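*Asks:* Please find one structure pasted underneath; my questions will follow.
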Amino acid sequence: MRGHPNLERRTFVDKQKLEGMIQEFSEETIKQKKVDRRAFIEGAGKIAGLSLGFVIAQSIGGLDVQAKAKTIKFSSYPFTLGVCSGDPSPQGIVLWTRLAPDPLNGGGMPNEVVKVEWELAKDENFQHIVKKGSATASPNLAHSVHVEVEGLRSNAIYYYRFKSGNELSPVGKTKTLPKKNEEVQKLTFAFASCQQYEHGYYTAYKHLAEEELDVVFHLGDYIYEYGPNEYVSASGNVRTHSGPEIITLADYRNRYAQYRSDANLKAAHAAFPWIVTWDDHEVENNYANNIPEKGQSVQDFIKRRAAAYQAYYEHMPLRKTSLPNGGDMSLYRDFSYGQLASFNVLDSRQYRDDQANGDGSKPHSEESLNPNRTMLGKQQENWLYKNLNKSKAHWNILAQQVFFAQRNFGANGAQLYSMDSWDGYPEARNRIIDFVKKKGMDNLVVLTGDVHASWASNINTDFNDASSSLVGVEFVGTSITSGGNGADKRADTDRILAQNPHIKFFNDYRGYVRCTVTPESFQADYRVLPFVTEPNADISTRASFVYHKDQTGLKQIVTNAVPYGLKKSTEVEEDRTIAHSKAHTKQVNKLKKKVEN
């Protein structure tokens with residue numbers, strides 16, 4: 001791996017000067033000098049770039065891993081976090097592992113570069129090896145390994161494994177994509193999100209690993225940043241985060257290690273290639289670009305985000321093109337599954353404007369309706385338009401984080417919208433819908449996570465006019481565990497569906513969504529569990545919807561009762577936001593006590 005020139009240059013950033021620059025843009029400075037908010041955000045962005053570059057340059061040392069890799073003898077098994085693959089192409093794949101004999105305590109590796117060998121075979125017994133080589137596991141990247149294998153057959157299944165010292169990793173299974181111009185008749189994939197470790201067991205991943213899939217998409221909230229029992233689900237926490245609220249690079253590494261130590265999650269990773277993107281909790285709740293959650297220091301947040309971004313890269317099967325560089329981490333990217341489907345994987349956190357109206361659930365205002373507001377940032381938005389414009393795929397799919405369709409959940413005739421979702425950026429959403437409409441497209445499918453419940457919506461050109469034309473549909477997947485057990489529906493479900501006629505389905509159990517795509521149809525199966533506070537729950541398909549691109553919208557083709565699950569809860573939509581606010585209050589109180597002592 002060659003050194004990254006941008007990071008090498010930033011190694012020489014003077015730390016004292018940097019700290020002074022960050023202080024200049026602190027929240028206290030805004031109060032004292034009444035600095036213009038837009039100028040502050042732009043300035044903070046520049047400082048974030050310098051800070052991130054400095055922190056990573058210090059950690060990675062300019063990515064200079066030319067030191068001779070050693071073969072060592074491990075005191076205990078090093079492949080505790082399993083293996084995974086991701087970012088497939090027609091000719092290649094990324095293979096990932098991390099050496100961590102003591103995963104929850106920094107990994108337990110010596111401070112030296114270690115040799116790791118890898119093999120890729122046509123069979124799981126490795127009788128027909130097609131590629132092999134060696135890689136280096138460096139302490140600068142937590143002894144993680146990202147092997148980019150090329151020269152493979154398209155649309156082909158392979159098996160892989162790693163070896164270091166005398167230890168062999170588990171075997172993983174992966175698959176390359178079809179050629180871009182190939183006419184493919186079928187694709188089966190699943191998407192998942194939101195896996196708060198404390199809220200339940202990862203039983204959903206046990207079942208996902210047993211599905212017959214071509215690829216898995218993870219749409220964010222892979223980890224949660226909270227300390228033990230700060231964020232408590234309605235059904236109670238059943239596991240405990242190791243260590244307090246995560247702030248430093250070491251903290252984030254240990255938290256990923258705790259999540260990745262789960263046997264069911266490891267099984268799902270080993271079964272299929274994964275394509276990942278993040279949401280907010282990979283850093284902290286509801287952050288926006290360089291703006292932290294309420295009541296926190298901007299300068300500390302900039303450092304925290306740098307640590308979080310590095311740890312995310314270290315623990316995901318990402319290519320070197322996604323390595324954090326300055327104040328950015330390139331995570332939005334596209335994948336083509338032959339001519340059948342074009343996937344645009346979005347990043348709706350890193351470049352967005354701050355949430356309008358002080359965040360939370362609010363009616364619209366002049367601020368939220370400002371046509372200049374952006375969710376994706378200008379560069380990513382233009383990239384998306386370019387991809388949609390040139391696409392000849394049967395389906396154009398957006399794999400992204402937050403609720404896309406309009407969703408008013410105000411009671412008694414009030415207007416209430418989530419300022420963190422696309423409802424808080426309605427003109428940015430309208431720009432995408434208008435672009436698709438002008439292209440005459442009706443094959444847009446939006447995949448979403450974040451809200452810990454299942455929803456299915458038509459995407460109308462005018463959400464306030466149910467008779468307006470359709471450009472596509474949105475499938476919102478529930479959480480793996482976040483929110484606890486859930487129920488078939490909540491206390492406000494019927495009212496919300498009635499006042500949002502384009503929304504056709506809601507369910508509050510946990511699980512994932514399995515999708516089957518053909519040139520003519522897109523089917524989503526909502527695979528759910530009746531509970532997550534006990535292990536080994538059975539999975540079932542609560543409902544299936546199909547979309548045919550014929551302006552008739554979503555059609556429900558399967559509906560089933562879920563055995564042993566709660567039929568209706570007393571919870572409402574805003575309870576999730578309230579739970580996060582309670583968690584934040586606990587964090588603030590802990591910090592006050594720490595300062596006082």
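Naming scheme: A, B, ... for chains in displayed order of the structure tokens; residues 1 onward per chain; ligands 1 onward as shown.
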For stretch 155-249 of chain A versus stretch 322-341 of chain A, which residues have an atom no more than 8 Å away, and what is each residue's nearest atom pair and distance in Å rounded to one decimal, using only C-alpha atoms, chain-then-number order, as CSV?

*Replies:*
```
residue,atom,partner,partner_atom,distance
A:Leu177,CA,A:Tyr337,CA,6.0
A:Pro178,CA,A:Gly338,CA,5.1
A:Lys179,CA,A:Gly338,CA,5.3
A:Lys180,CA,A:Gly338,CA,4.2
A:Asn181,CA,A:Gly338,CA,5.5
A:Glu182,CA,A:Gly338,CA,4.7
A:Glu183,CA,A:Gln339,CA,5.3
A:Val184,CA,A:Leu340,CA,5.7
A:Gln185,CA,A:Leu340,CA,7.1
A:Lys186,CA,A:Leu340,CA,7.7
A:Leu187,CA,A:Tyr337,CA,7.9
```

*Asks:* Mind dumping the selected residues with N, CA and C atoms as a CSV table (one decimal), in the first residue's frame?

*Replies:*
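This is the output file result28.csv:
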```csv
chain,number,residue,atom,x,y,z
A,177,LEU,N,-20.2,-9.2,-9.0
A,177,LEU,CA,-21.4,-8.7,-9.7
A,177,LEU,C,-21.4,-9.2,-11.2
A,178,PRO,N,-22.6,-9.2,-11.8
A,178,PRO,CA,-22.6,-9.5,-13.3
A,178,PRO,C,-21.9,-8.3,-14.0
A,179,LYS,N,-21.6,-8.5,-15.3
A,179,LYS,CA,-21.0,-7.5,-16.1
A,179,LYS,C,-22.1,-6.4,-16.3
A,180,LYS,N,-21.6,-5.2,-16.5
A,180,LYS,CA,-22.5,-4.0,-16.5
A,180,LYS,C,-23.5,-4.1,-17.6
A,181,ASN,N,-23.1,-4.6,-18.8
A,181,ASN,CA,-24.0,-4.7,-19.9
A,181,ASN,C,-24.8,-6.0,-20.0
A,182,GLU,N,-24.7,-6.8,-19.0
A,182,GLU,CA,-25.4,-8.1,-19.1
A,182,GLU,C,-26.8,-8.0,-18.7
A,183,GLU,N,-27.7,-8.7,-19.4
A,183,GLU,CA,-29.1,-8.8,-19.1
A,183,GLU,C,-29.3,-9.9,-18.1
A,184,VAL,N,-29.7,-9.5,-16.9
A,184,VAL,CA,-29.8,-10.4,-15.7
A,184,VAL,C,-31.3,-10.5,-15.4
A,185,GLN,N,-31.8,-11.7,-15.2
A,185,GLN,CA,-33.2,-11.9,-15.0
A,185,GLN,C,-33.7,-11.8,-13.5
A,186,LYS,N,-32.7,-11.9,-12.6
A,186,LYS,CA,-33.1,-12.0,-11.2
A,186,LYS,C,-32.0,-11.5,-10.3
A,187,LEU,N,-32.4,-10.8,-9.3
A,187,LEU,CA,-31.5,-10.4,-8.2
A,187,LEU,C,-32.2,-10.5,-6.9
```

*Asks:* Quick one: contact table of stretch 464-497 of chain A to stretch 517-523 of chain A, 12 Å max, nearest atom pair and distance in Å to one decimal per residue, counting only C-alpha atoms, chain and number order, as JSON lines?

*Replies:*
```
{"residue": "A:Gly472", "atom": "CA", "partner": "A:Phe522", "partner_atom": "CA", "distance": 10.5}
{"residue": "A:Val473", "atom": "CA", "partner": "A:Phe522", "partner_atom": "CA", "distance": 9.7}
{"residue": "A:Glu474", "atom": "CA", "partner": "A:Phe522", "partner_atom": "CA", "distance": 11.1}
{"residue": "A:Phe475", "atom": "CA", "partner": "A:Gln523", "partner_atom": "CA", "distance": 9.9}
```

*Asks:* Write out, as a compact mmCIF listing (two decimals), in the first residue's frame, the residues just selected, with C-alpha atoms.

*Replies:*
```txt
# COMPACT_ATOMS: atom_id res chain seq x y z
CA GLY A 472 -41.33 5.08 -7.71
CA VAL A 473 -41.65 3.62 -4.23
CA GLU A 474 -39.88 3.61 -0.89
CA PHE A 475 -39.28 0.57 1.31
```

*Asks:* Show me a table, sorted first by chain and then by increasing residue number, of the residues of stretch 504-550 of chain A having an atom at most 12 Å from stretch 203-227 of chain A, each with its shortest atom pair and the distance in Å to one decimal, counting only C-alpha atoms and written as a tab-separated table.

*Replies:*
```
residue	atom	partner	partner_atom	distance
A:Tyr509	CA	A:Ala204	CA	11.0
A:Arg510	CA	A:Ala204	CA	7.8
A:Gly511	CA	A:Ala204	CA	5.4
A:Tyr512	CA	A:Ala204	CA	7.1
A:Val513	CA	A:Leu208	CA	9.5
A:Arg514	CA	A:Leu213	CA	8.6
A:Cys515	CA	A:Leu213	CA	9.1
A:Thr516	CA	A:Leu213	CA	9.3
A:Val517	CA	A:Asp214	CA	11.2
A:Tyr526	CA	A:Ala204	CA	11.7
A:Arg527	CA	A:Ala204	CA	8.6
A:Val528	CA	A:Ala204	CA	7.7
A:Leu529	CA	A:Ala204	CA	7.2
A:Pro530	CA	A:Ala204	CA	10.6
A:Phe531	CA	A:Thr203	CA	9.3
A:Val532	CA	A:Thr203	CA	7.1
A:Thr533	CA	A:Thr203	CA	9.8
A:Glu534	CA	A:Thr203	CA	8.9
A:Pro535	CA	A:Thr203	CA	6.2
A:Asn536	CA	A:Thr203	CA	5.9
A:Ala537	CA	A:Thr203	CA	6.7
A:Asp538	CA	A:His207	CA	8.4
A:Ile539	CA	A:His207	CA	7.1
A:Ser540	CA	A:His207	CA	9.8
A:Thr541	CA	A:His207	CA	11.9
```

*Asks:* Excluding A:Ser581 and any residue of its chain fewer than 2 positions from it, enumerate the residues within 12 Å of it, using only C-alpha atoms, and give them as a list in words.

*Replies:*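 Counting only the stated atoms, we get Tyr226, Glu230, Tyr231, Val232, Asn285, Asn286, Glu293, Lys294, Gly295, Asp359, Gly360, Glu574, Asp575, Arg576, Thr577, Ile578, Ala579, Ala583, His584, Thr585, Lys586, Gln587 and Val588 of chain A.
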
*Asks:* Next, dump the selected residues to file, keeping only N, CA and C atoms, as a PDB file, in the first residue's frame.

*Replies:*
```
ATOM      1  N   TYR A 226     -23.603   5.246  22.706  1.00  0.00           N
ATOM      2  CA  TYR A 226     -23.979   5.479  24.096  1.00  0.00           C
ATOM      3  C   TYR A 226     -23.197   4.610  25.093  1.00  0.00           C
ATOM      4  N   GLU A 230     -27.595   4.027  28.757  1.00  0.00           N
ATOM      5  CA  GLU A 230     -27.998   5.419  28.545  1.00  0.00           C
ATOM      6  C   GLU A 230     -29.206   5.478  27.609  1.00  0.00           C
ATOM      7  N   TYR A 231     -29.181   4.658  26.577  1.00  0.00           N
ATOM      8  CA  TYR A 231     -30.291   4.580  25.624  1.00  0.00           C
ATOM      9  C   TYR A 231     -31.043   3.290  25.909  1.00  0.00           C
ATOM     10  N   VAL A 232     -32.217   3.410  26.502  1.00  0.00           N
ATOM     11  CA  VAL A 232     -32.967   2.244  26.984  1.00  0.00           C
ATOM     12  C   VAL A 232     -34.210   2.059  26.131  1.00  0.00           C
ATOM     13  N   ASN A 285     -25.578  10.754  17.795  1.00  0.00           N
ATOM     14  CA  ASN A 285     -26.960  10.949  17.396  1.00  0.00           C
ATOM     15  C   ASN A 285     -27.175  12.292  16.692  1.00  0.00           C
ATOM     16  N   ASN A 286     -27.813  12.217  15.513  1.00  0.00           N
ATOM     17  CA  ASN A 286     -28.296  13.393  14.777  1.00  0.00           C
ATOM     18  C   ASN A 286     -27.239  14.454  14.482  1.00  0.00           C
ATOM     19  N   GLU A 293     -24.416  17.177  18.141  1.00  0.00           N
ATOM     20  CA  GLU A 293     -25.701  17.220  18.826  1.00  0.00           C
ATOM     21  C   GLU A 293     -25.696  18.382  19.812  1.00  0.00           C
ATOM     22  N   LYS A 294     -26.849  18.799  20.226  1.00  0.00           N
ATOM     23  CA  LYS A 294     -26.999  20.005  21.057  1.00  0.00           C
ATOM     24  C   LYS A 294     -26.133  19.958  22.316  1.00  0.00           C
ATOM     25  N   GLY A 295     -25.610  21.155  22.661  1.00  0.00           N
ATOM     26  CA  GLY A 295     -24.907  21.311  23.929  1.00  0.00           C
ATOM     27  C   GLY A 295     -23.526  20.713  23.986  1.00  0.00           C
ATOM     28  N   ASP A 359     -33.917  21.027  15.132  1.00  0.00           N
ATOM     29  CA  ASP A 359     -34.035  19.563  15.062  1.00  0.00           C
ATOM     30  C   ASP A 359     -35.340  19.111  15.731  1.00  0.00           C
ATOM     31  N   GLY A 360     -35.508  17.819  15.900  1.00  0.00           N
ATOM     32  CA  GLY A 360     -36.705  17.276  16.525  1.00  0.00           C
ATOM     33  C   GLY A 360     -37.882  17.178  15.574  1.00  0.00           C
ATOM     34  N   GLU A 574     -43.118   9.640  18.245  1.00  0.00           N
ATOM     35  CA  GLU A 574     -42.142  10.522  18.884  1.00  0.00           C
ATOM     36  C   GLU A 574     -41.383   9.865  20.038  1.00  0.00           C
ATOM     37  N   ASP A 575     -41.768   8.663  20.441  1.00  0.00           N
ATOM     38  CA  ASP A 575     -41.095   8.013  21.562  1.00  0.00           C
ATOM     39  C   ASP A 575     -39.618   7.748  21.275  1.00  0.00           C
ATOM     40  N   ARG A 576     -39.293   7.473  20.024  1.00  0.00           N
ATOM     41  CA  ARG A 576     -37.890   7.224  19.658  1.00  0.00           C
ATOM     42  C   ARG A 576     -37.043   8.477  19.908  1.00  0.00           C
ATOM     43  N   THR A 577     -37.558   9.626  19.508  1.00  0.00           N
ATOM     44  CA  THR A 577     -36.853  10.884  19.732  1.00  0.00           C
ATOM     45  C   THR A 577     -36.720  11.182  21.218  1.00  0.00           C
ATOM     46  N   ILE A 578     -37.783  10.891  21.972  1.00  0.00           N
ATOM     47  CA  ILE A 578     -37.756  11.117  23.421  1.00  0.00           C
ATOM     48  C   ILE A 578     -36.702  10.238  24.084  1.00  0.00           C
ATOM     49  N   ALA A 579     -36.588   8.983  23.638  1.00  0.00           N
ATOM     50  CA  ALA A 579     -35.595   8.067  24.208  1.00  0.00           C
ATOM     51  C   ALA A 579     -34.179   8.572  23.965  1.00  0.00           C
ATOM     52  N   ALA A 583     -31.362   9.817  26.722  1.00  0.00           N
ATOM     53  CA  ALA A 583     -29.987   9.317  26.701  1.00  0.00           C
ATOM     54  C   ALA A 583     -28.997  10.476  26.715  1.00  0.00           C
ATOM     55  N   HIS A 584     -29.301  11.514  25.935  1.00  0.00           N
ATOM     56  CA  HIS A 584     -28.420  12.672  25.885  1.00  0.00           C
ATOM     57  C   HIS A 584     -28.356  13.368  27.244  1.00  0.00           C
ATOM     58  N   THR A 585     -29.490  13.468  27.933  1.00  0.00           N
ATOM     59  CA  THR A 585     -29.523  14.076  29.263  1.00  0.00           C
ATOM     60  C   THR A 585     -28.647  13.293  30.233  1.00  0.00           C
ATOM     61  N   LYS A 586     -28.688  11.977  30.157  1.00  0.00           N
ATOM     62  CA  LYS A 586     -27.832  11.147  31.014  1.00  0.00           C
ATOM     63  C   LYS A 586     -26.358  11.433  30.736  1.00  0.00           C
ATOM     64  N   GLN A 587     -26.017  11.590  29.447  1.00  0.00           N
ATOM     65  CA  GLN A 587     -24.635  11.876  29.086  1.00  0.00           C
ATOM     66  C   GLN A 587     -24.185  13.215  29.661  1.00  0.00           C
ATOM     67  N   VAL A 588     -25.030  14.226  29.535  1.00  0.00           N
ATOM     68  CA  VAL A 588     -24.695  15.556  30.039  1.00  0.00           C
ATOM     69  C   VAL A 588     -24.519  15.530  31.560  1.00  0.00           C
TER      70      VAL A 588
END
```

*Asks:* Would you list the contacts of A:Lys175 as a count of residues only, taking every protein, DNA or RNA residue within 6 Å and counting only C-alpha atoms, but skipping same-chain residues closer than 2 positions in sequence?

*Replies:* 3

*Asks:* Pick out the residues sitting within 7 Å of A:Thr478, and hand them over as an mmCIF file with C-alpha atoms, in the first residue's frame; count only C-alpha atoms, and ignore anything fewer than 2 positions along from it in its own chain.

*Replies:*
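Listed below is the output, around-v7.cif:
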```
data_model
loop_
_atom_site.group_PDB
_atom_site.id
_atom_site.type_symbol
_atom_site.label_atom_id
_atom_site.label_comp_id
_atom_site.auth_asym_id
_atom_site.auth_seq_id
_atom_site.Cartn_x
_atom_site.Cartn_y
_atom_site.Cartn_z
ATOM 1 C CA GLY A 449 -33.374 2.552 7.548
ATOM 2 C CA VAL A 451 -36.693 4.809 12.079
ATOM 3 C CA HIS A 452 -36.793 1.345 13.707
ATOM 4 C CA ALA A 453 -39.996 0.292 11.957
ATOM 5 C CA SER A 454 -41.197 -1.026 8.605
ATOM 6 C CA VAL A 476 -38.273 1.440 4.871
ATOM 7 C CA ILE A 480 -32.285 -5.402 13.733
ATOM 8 C CA ARG A 510 -37.689 -6.117 14.260
ATOM 9 C CA GLY A 511 -35.971 -7.799 11.327
ATOM 10 C CA TYR A 512 -34.853 -6.974 7.775
#
```

*Asks:* Show which residues sit within 7 Å of stretch 90-93 of chain A, as a compact mmCIF listing (two decimals) with all heavy atoms, in the first residue's frame. Count only C-alpha atoms, and ignore same-chain residues fewer than 4 positions away.

*Replies:*
```
# COMPACT_ATOMS: atom_id res chain seq x y z
N SER A 85 -16.71 -9.67 3.34
CA SER A 85 -16.34 -9.18 2.03
C SER A 85 -17.31 -8.07 1.65
O SER A 85 -18.39 -7.95 2.23
CB SER A 85 -16.37 -10.30 0.98
OG SER A 85 -17.70 -10.78 0.80
N GLY A 86 -16.92 -7.26 0.66
CA GLY A 86 -17.80 -6.17 0.29
C GLY A 86 -17.37 -5.42 -0.93
O GLY A 86 -16.36 -5.76 -1.58
N GLU A 148 -8.01 -6.03 -1.80
CA GLU A 148 -8.79 -5.79 -3.01
C GLU A 148 -8.35 -6.79 -4.08
O GLU A 148 -7.29 -6.66 -4.69
CB GLU A 148 -8.59 -4.35 -3.49
CG GLU A 148 -9.10 -3.33 -2.48
CD GLU A 148 -9.00 -1.90 -2.97
OE1 GLU A 148 -9.08 -1.68 -4.21
OE2 GLU A 148 -8.84 -0.99 -2.13
N VAL A 149 -9.17 -7.80 -4.27
CA VAL A 149 -8.87 -8.87 -5.23
C VAL A 149 -9.47 -8.50 -6.58
O VAL A 149 -10.65 -8.13 -6.66
CB VAL A 149 -9.43 -10.22 -4.75
CG1 VAL A 149 -8.98 -11.34 -5.68
CG2 VAL A 149 -9.00 -10.51 -3.32
N GLU A 150 -8.70 -8.62 -7.64
CA GLU A 150 -9.18 -8.33 -8.99
C GLU A 150 -8.92 -9.53 -9.90
O GLU A 150 -8.31 -10.51 -9.50
CB GLU A 150 -8.49 -7.08 -9.54
CG GLU A 150 -8.78 -5.80 -8.75
CD GLU A 150 -10.24 -5.40 -8.78
OE1 GLU A 150 -10.95 -5.75 -9.76
OE2 GLU A 150 -10.69 -4.73 -7.82
N GLY A 151 -9.41 -9.44 -11.13
CA GLY A 151 -9.19 -10.51 -12.11
C GLY A 151 -10.08 -11.73 -11.90
O GLY A 151 -9.70 -12.85 -12.29
N LEU A 152 -11.27 -11.53 -11.35
CA LEU A 152 -12.18 -12.65 -11.08
C LEU A 152 -13.24 -12.75 -12.17
O LEU A 152 -13.45 -11.83 -12.95
CB LEU A 152 -12.84 -12.46 -9.72
CG LEU A 152 -11.90 -12.31 -8.53
CD1 LEU A 152 -12.70 -12.08 -7.25
CD2 LEU A 152 -10.98 -13.52 -8.38
N ARG A 153 -13.94 -13.87 -12.19
CA ARG A 153 -15.06 -14.04 -13.11
C ARG A 153 -16.26 -13.25 -12.60
O ARG A 153 -16.48 -13.15 -11.40
CB ARG A 153 -15.43 -15.53 -13.24
CG ARG A 153 -14.40 -16.38 -13.97
CD ARG A 153 -14.91 -17.81 -14.17
NE ARG A 153 -15.18 -18.49 -12.91
CZ ARG A 153 -16.38 -18.86 -12.51
NH1 ARG A 153 -17.45 -18.60 -13.24
NH2 ARG A 153 -16.54 -19.49 -11.35
N SER A 154 -17.04 -12.74 -13.52
CA SER A 154 -18.24 -11.99 -13.13
C SER A 154 -19.35 -12.94 -12.68
O SER A 154 -19.42 -14.10 -13.13
CB SER A 154 -18.72 -11.13 -14.29
OG SER A 154 -19.10 -11.94 -15.39
N ASN A 155 -20.20 -12.44 -11.79
CA ASN A 155 -21.37 -13.18 -11.32
C ASN A 155 -21.01 -14.58 -10.83
O ASN A 155 -21.72 -15.55 -11.10
CB ASN A 155 -22.42 -13.27 -12.44
CG ASN A 155 -23.83 -13.45 -11.89
OD1 ASN A 155 -24.10 -13.15 -10.73
ND2 ASN A 155 -24.72 -13.94 -12.73
N THR A 176 -19.14 -12.03 -6.96
CA THR A 176 -18.93 -10.85 -7.79
C THR A 176 -20.23 -10.44 -8.48
O THR A 176 -21.19 -11.20 -8.52
CB THR A 176 -17.85 -11.12 -8.86
OG1 THR A 176 -18.23 -12.28 -9.62
CG2 THR A 176 -16.49 -11.35 -8.22
N LEU A 177 -20.22 -9.24 -9.03
CA LEU A 177 -21.40 -8.72 -9.73
C LEU A 177 -21.40 -9.19 -11.19
O LEU A 177 -20.34 -9.50 -11.75
CB LEU A 177 -21.42 -7.20 -9.69
CG LEU A 177 -21.48 -6.53 -8.33
CD1 LEU A 177 -21.48 -5.01 -8.49
CD2 LEU A 177 -22.70 -6.99 -7.54
N PRO A 178 -22.56 -9.20 -11.84
CA PRO A 178 -22.60 -9.47 -13.28
C PRO A 178 -21.93 -8.31 -14.04
O PRO A 178 -21.74 -7.21 -13.51
CB PRO A 178 -24.10 -9.52 -13.60
CG PRO A 178 -24.79 -9.69 -12.30
CD PRO A 178 -23.91 -9.04 -11.28
N LYS A 179 -21.59 -8.55 -15.29
CA LYS A 179 -21.04 -7.49 -16.13
C LYS A 179 -22.08 -6.39 -16.32
O LYS A 179 -23.29 -6.65 -16.35
CB LYS A 179 -20.61 -8.05 -17.48
CG LYS A 179 -19.45 -9.03 -17.39
CD LYS A 179 -19.12 -9.60 -18.76
CE LYS A 179 -17.97 -10.61 -18.66
NZ LYS A 179 -17.65 -11.23 -19.97
```

*Asks:* Tell me, as a short mmCIF file (atom, residue, chain, number, x, y, z; two decimals) with N, CA and C atoms, in the first residue's frame, which residues lie within 10 Å of A:Ser76, counting only C-alpha atoms; anything in the same chain fewer than 3 positions away does not count.

*Replies:*
```cif
data_model
loop_
_atom_site.label_atom_id
_atom_site.label_comp_id
_atom_site.auth_asym_id
_atom_site.auth_seq_id
_atom_site.Cartn_x
_atom_site.Cartn_y
_atom_site.Cartn_z
N LYS A 73 3.60 -15.44 16.76
CA LYS A 73 2.85 -16.51 17.43
C LYS A 73 1.84 -15.85 18.36
N PHE A 79 -8.63 -14.28 15.10
CA PHE A 79 -9.73 -13.94 14.18
C PHE A 79 -11.08 -13.91 14.91
N THR A 80 -11.08 -13.26 16.07
CA THR A 80 -12.28 -13.23 16.92
C THR A 80 -13.43 -12.45 16.29
N ALA A 100 -7.42 -9.61 16.29
CA ALA A 100 -7.81 -9.06 17.59
C ALA A 100 -7.96 -10.18 18.61
N PRO A 101 -6.85 -10.72 19.13
CA PRO A 101 -6.95 -11.78 20.14
C PRO A 101 -7.60 -11.32 21.44
N ASP A 102 -7.57 -10.02 21.72
CA ASP A 102 -8.25 -9.47 22.90
C ASP A 102 -9.12 -8.31 22.42
N GLY A 108 -5.35 -6.38 21.55
CA GLY A 108 -4.36 -7.30 22.11
C GLY A 108 -3.22 -7.66 21.18
N GLU A 167 -2.51 -19.65 12.65
CA GLU A 167 -3.95 -19.58 12.84
C GLU A 167 -4.69 -19.33 11.52
#
```

*Asks:* In Å, rounded to a single decimal, give me how far atom CA of A:Thr559 is from atom CA of A:Phe545.

*Replies:* 9.2 Å

*Asks:* Hey, what does DSSP flag as alpha helix (DSSP H) within stretch 309-518 of chain A? Can you give it to me as a ChimeraX atom specification?

*Replies:* /A:309-315,378-390,426-438,493-499

*Asks:* Going by DSSP on the backbone, which bits of stretch 422-596 of chain A are strand (DSSP E or B)? Write them as a ChimeraX atom specification, please.

*Replies:* /A:444-448,454-460,470-476,489,503-507,510-517,522-529,540-547,555-559,568

*Asks:* When you draw a straight line from atom CA of A:Lys173 to atom CA of A:Ala270, how long is it in Å?

*Replies:* 5.9 Å
